[in-house]
Amino acid sequence: MGNNKIISFILLVGIAAGAAFGEGFRMDFMDLNVGGSTRLFSSRAPEYFEASMVCQLDTGAVDIVFCMDTSRSMEPYIADLEVNIIEFIDSIVARGYDFRLGAVPFDDSTNIWDFNPSAPGNQMTADTAEFISWLDTGVSEIASDSWEVSLDAICDALRDYQWREDALRIIIMFTNEGYHSTDDDTNLSDESFAGTMELVLETGAVVFIAASSRPAWVGSPIPPYQMANFILLADTSGGRLDSLTEDWTFILNDVVDLISTFTSVSAMVINETGSACEMHAEFIPLDSTCMSLHSDNPLHSEETIPDGDAHRFFWKVILDSTCIGTNRCFEIAVWGGGDTDTFYGCITDDSCFGHTDLVLDHTTPTLSPTCLDVHPNPVNLTFTITNNGIRPASDVVMTITPYSGLTIVGGDSNPAEIDAIAYDGGSAEVSWEVEIAPEAFGTEQPYRVLLEHAEGSDLFYPYMLDIPDLQPQPEVTILCEDSILCPGECADLNSAVDPTGVWYYSWTPVDGLSDPGAPNPTACPLTTTVYKLDITDGVDCTDGDSITVIVADSIFVDAGSTIEIFPGRYTTIGGSPTATGGYGDLTYEWTPAEGLDDPSIPNPTANPFFPTTYTVIVTDDAGCFQCDSTQVQIKPPLGYIYVQDEFEILELRVIDTLDAIESGNGVIMVTMPGDIIGGADLVDSTDTWASPVMIQTTHGIRSWRHKIYTP
């Protein structure tokens with residue numbers, strides 16, 4: 001941006017009392033460059049300079065020389081190097097700087113590009129097309145040893161180029177190798193590091209270095225002490241060191257900062273002493289704590305200047321912007337040939353001389369992924385512009401350039417125009433809503449901001465938005481070890497979600513659940529129920545699963561009524577049916593098993609010798625069970641018969657009916673003293689010597705042919 005205007009204000013420059021024109025030295029004009037703006041003062045009367053000036057609100061002058069390592073090891077960087085230099089030049093042009101460019105390629109020797117061989121010395125160029133055409137043909141791969149003469153390139157640039165006195169001097173050097181010097185006995189270099197540092201400080205040059213050690217398999221990397229020297233040289237001069245692979249925007253912004261704080265004083269003095277003489281000029285600040293010189297000797301001396309000729313003296317000034325009033329004033333003493341004159345000047349606090357110092361504050365937002373989008377989207381990009389200078393910033397314009405995948409959909413207009421930002425901490429805020437396209441998910445997308453204002457240089461700020469990839473859709477699974485329950489039982493419903501994260505849970509129906517919002521509730525349903533689980537992250541990630549919790553029907557068991565039988569008789573036990581209900585098939589277990597033909601069936605046959613309580617346990621496929629019991633009672637004997645042999649009478653208990661005894665059929669139990677021994681078939685009681693009585697004893701089956709007595 002550029003703007004010219006005329007401002008009249010208080011007297012700025014005067015001549016010391018007693019100094020007369022025509023018999024000493026006369027200042028033809030003085031110009032001040034403050035914060036990148038040039039002010040020119042010319043003499044209008046013998047006593048003073050006219051209190052008017054041209055306050056040019058354009059950028060100040062800057063001379064830039066690229067010192068480029070073009071040896072073979074730079075092959076991986078050469079193409080990017082050319083592209084970065086061209087982009088850098090384009091940015092310089094876009095800002096409207098008063099610039100000139102030069103270059104010193106180097107390997108084991110240097111080659112200064114002279115863009116005007118017909119003029120004495122080596123000349124830079126302001127023709128960007130010309131410089132780029134040289135760049136296309138002047139950078140090549142040259143075989144050399146493992147180190148190069150980078151110090152010589154810097155010194156040759158400072159000594160041999162025709163630098164403008166009122167311009168900032170910028171050196172930008174690129175290399176991936178160590179440097180030769182006078183200390184390494186190779187005779188390749190004419191410079192030492194200490195001498196290079198001294199020359200840089202004497203000339204007031206600012207050195208930026210982009211350096212990266214080449215891989216060890218290619219050759220020797222930059223020694224640590226040399227890398228430390230590179231850092232020292234850059235930092236001490238006011239520049240910086242970064243990697244070859246870094247974005248060069250940092251160099252551009254640093255150059256802009258240097259221009260915006262650059263202050264210089266230039267005085268054109270005419271010899272009117274009446275004869276040729278040496279001319280000496282010294283810059284003397286009235287307050288050395290507010291004003292000092294940057295790298296320049298305050299005293300300049302020139303050889304014989306003919307009478308009537310003029311010479312221009314130039315000083316670079318470091319000004320503390322917090323100082324005000326007369327503390328910002330200075331003297332320029334000029335003497336020679338026996339004459340002495342003193343001229344006064346002030347870098348005033350007037351707004352034309354004040355400087356703006358715009359600082360942009362912006363935090364790249366952090367995005368979080370969801371399943372369908374990133375959040376937030378659109379995203380708000382907010383920028384705060386603060387003016388820390390001592391002059392208001394006017395006609396402030398801010399432009400954002402989003403790259404692929406980013407689209408402005410709201411917020412301030414683009415460009416955003418701000419009338420003015422007050423000095424000393426005044427601020428303004430600009431905000432844009434930027435929508436992120438799906439194809440940009442999982443990438444880094446750049447956006448750049450251009451900040452322009454009427455009082456100074458344009459500022460570029462690059463940013464990178466880290467856009468996460470979408471989250472995978474969640475998958476929820478319900479696990480339940482006991483999904484078939486017996487009446488009155490409970491089961492734990494355990495859910496598992498992949499991926500893990502913060503999820504919100506909702507179970508339906510809520511009946512029988514301990515906590516419908518918990519990931520693992522306890523379910524106690526009264527009947528078979530289908531439980532459904534829905535999960536969400538509260539935004540757009542959702543999934544669901546369901547499980548059927550079966551509640552088995554109740555088992556009803558009937559073991560039957562109490563039954564009475566005679567000893568040795570058989571009977572069927574169990575109900576009709578023995579069990580109903582349950583889940584799936586039913587299994588039966590009668591206890592005790594003694595006296596039963598099959599204890600695993602619903603209605604077994606029982607033949608107990610004693611009164612017995614039989615219990616049946618009925619179990620279904622769900623493991624649910626119920627039980628019931630029945631009794632089988634033994635009827636007492638109805639009578640007794642006796643069998644007599646020649647030794648004794650054996651008592652027999654009749655366990656059948658009298659009819660059976662009379663008919664000669666049935667079973668008897670033979671009782672030896674105190675013990676039941678076995679059973680025998682009855683015979684017809686009318687035949688006292690009938691068929692034998694068969695008696696089961698512990699000694700086997702025995703038979704007697706004896707007379708049977710009946711009571």
# chains A, B, ... in the order shown; residues from 1 in each chain; ligands from 1
call {"tool": "select_by_dssp", "arguments": {"residues": "segment 166-374 of chain A", "states": "strand (DSSP E)", "output": "PyMOL selection string"}}
result
chain A and resi 168-175+178-179+206-211+241-242+263-272+277-285+291-293+299-305+310-319+329-336+339-346+358-361+368-369+374
call {"tool": "residues_around", "arguments": {"residues": "Ala211 of chain A", "least_positions_apart": "2", "cutoff": "6 Å", "atoms": "only C-alpha atoms", "output": "list in words"}}
result
Phe174, Thr175, Asn176, Ser243 and Leu244 of chain A
call {"tool": "closest_residue", "arguments": {"among": "A:Thr304, A:Ser150, A:Asn607, A:Asn187", "to": "Thr572 of chain A", "atoms": "only C-alpha atoms"}}
result
A:Asn607
call {"tool": "residues_around", "arguments": {"residues": "Ala167 of chain A", "least_positions_apart": "5", "cutoff": "7 Å", "atoms": "only C-alpha atoms", "output": "mmCIF file with N, CA and C atoms, in the first residue's frame"}}
result
data_model
loop_
_atom_site.group_PDB
_atom_site.id
_atom_site.type_symbol
_atom_site.label_atom_id
_atom_site.label_comp_id
_atom_site.auth_asym_id
_atom_site.auth_seq_id
_atom_site.Cartn_x
_atom_site.Cartn_y
_atom_site.Cartn_z
ATOM 1 N N ALA A 61 13.881 1.563 1.737
ATOM 2 C CA ALA A 61 14.755 0.858 0.804
ATOM 3 C C ALA A 61 15.376 -0.361 1.474
ATOM 4 N N VAL A 62 15.557 -1.428 0.692
ATOM 5 C CA VAL A 62 16.191 -2.636 1.188
ATOM 6 C C VAL A 62 16.979 -3.273 0.048
ATOM 7 N N ASP A 63 18.247 -3.599 0.323
ATOM 8 C CA ASP A 63 19.105 -4.313 -0.622
ATOM 9 C C ASP A 63 19.300 -5.730 -0.105
#
call {"tool": "closest_residue", "arguments": {"among": "A:Thr370, A:Leu199, A:Ile547, A:Ala440", "to": "Glu481 of chain A", "atoms": "only C-alpha atoms"}}
result
A:Ile547
call {"tool": "closest_residue", "arguments": {"among": "A:Trp315, A:Tyr505, A:Phe625, A:Tyr570", "to": "Tyr583 of chain A", "atoms": "only C-alpha atoms"}}
result
A:Phe625
call {"tool": "closest_residue", "arguments": {"among": "A:Leu151, A:Leu360, A:Cys624, A:Ala579", "to": "Thr382 of chain A", "atoms": "only C-alpha atoms"}}
result
A:Leu360
call {"tool": "closest_residue", "arguments": {"among": "A:Phe99, A:Phe115, A:Tyr161, A:Phe330", "to": "Gly345 of chain A", "atoms": "only C-alpha atoms"}}
result
A:Phe330
call {"tool": "closest_residue", "arguments": {"among": "A:Asp361, A:Asp543, A:Glu282, A:Asp466", "to": "Val449 of chain A", "atoms": "only C-alpha atoms"}}
result
A:Asp361
call {"tool": "residues_around", "arguments": {"residues": "segment 495-497 of chain A", "least_positions_apart": "6", "cutoff": "12 Å", "atoms": "only C-alpha atoms", "output": "VMD selection string"}}
result
chain A and resid 472 to 481 503 to 507 517 to 522 531 to 537 541 to 547
call {"tool": "residues_around", "arguments": {"residues": "Val269 of chain A", "least_positions_apart": "3", "cutoff": "7 Å", "atoms": "only C-alpha atoms", "output": "JSON, numbers by chain"}}
result
{"A": [25, 26, 27, 28, 310, 311, 312]}
call {"tool": "atom_distance", "arguments": {"atom1": "atom CA of Ile305 of chain A", "atom2": "atom CA of Leu158 of chain A"}}
result
26.1 Å
call {"tool": "select_by_dssp", "arguments": {"residues": "segment 261-372 of chain A", "states": "helix (DSSP H, G or I)", "output": "ChimeraX atom specification"}}
result
/A:261,325-328
call {"tool": "residues_around", "arguments": {"residues": "Ser561 of chain A", "least_positions_apart": "6", "cutoff": "12 Å", "atoms": "only C-alpha atoms", "output": "list in words"}}
result
Thr572, Ile573, Gly574, Gly575, Ser576, Thr578, Thr613, Tyr614, Thr615, Asp628, Ser629, Thr630, Gln631, Val632 and Gln633 of chain A
call {"tool": "residues_around", "arguments": {"residues": "Thr401 of chain A", "least_positions_apart": "4", "cutoff": "9 Å", "atoms": "only C-alpha atoms", "output": "MDAnalysis selection string"}}
result
chainID A and resid 414 446:450
call {"tool": "atom_distance", "arguments": {"atom1": "atom CA of Pro438 of chain A", "atom2": "atom CA of Ser413 of chain A"}}
result
24.2 Å
call {"tool": "atom_distance", "arguments": {"atom1": "atom CA of Ser554 of chain A", "atom2": "atom CA of Pro602 of chain A"}}
result
17.4 Å
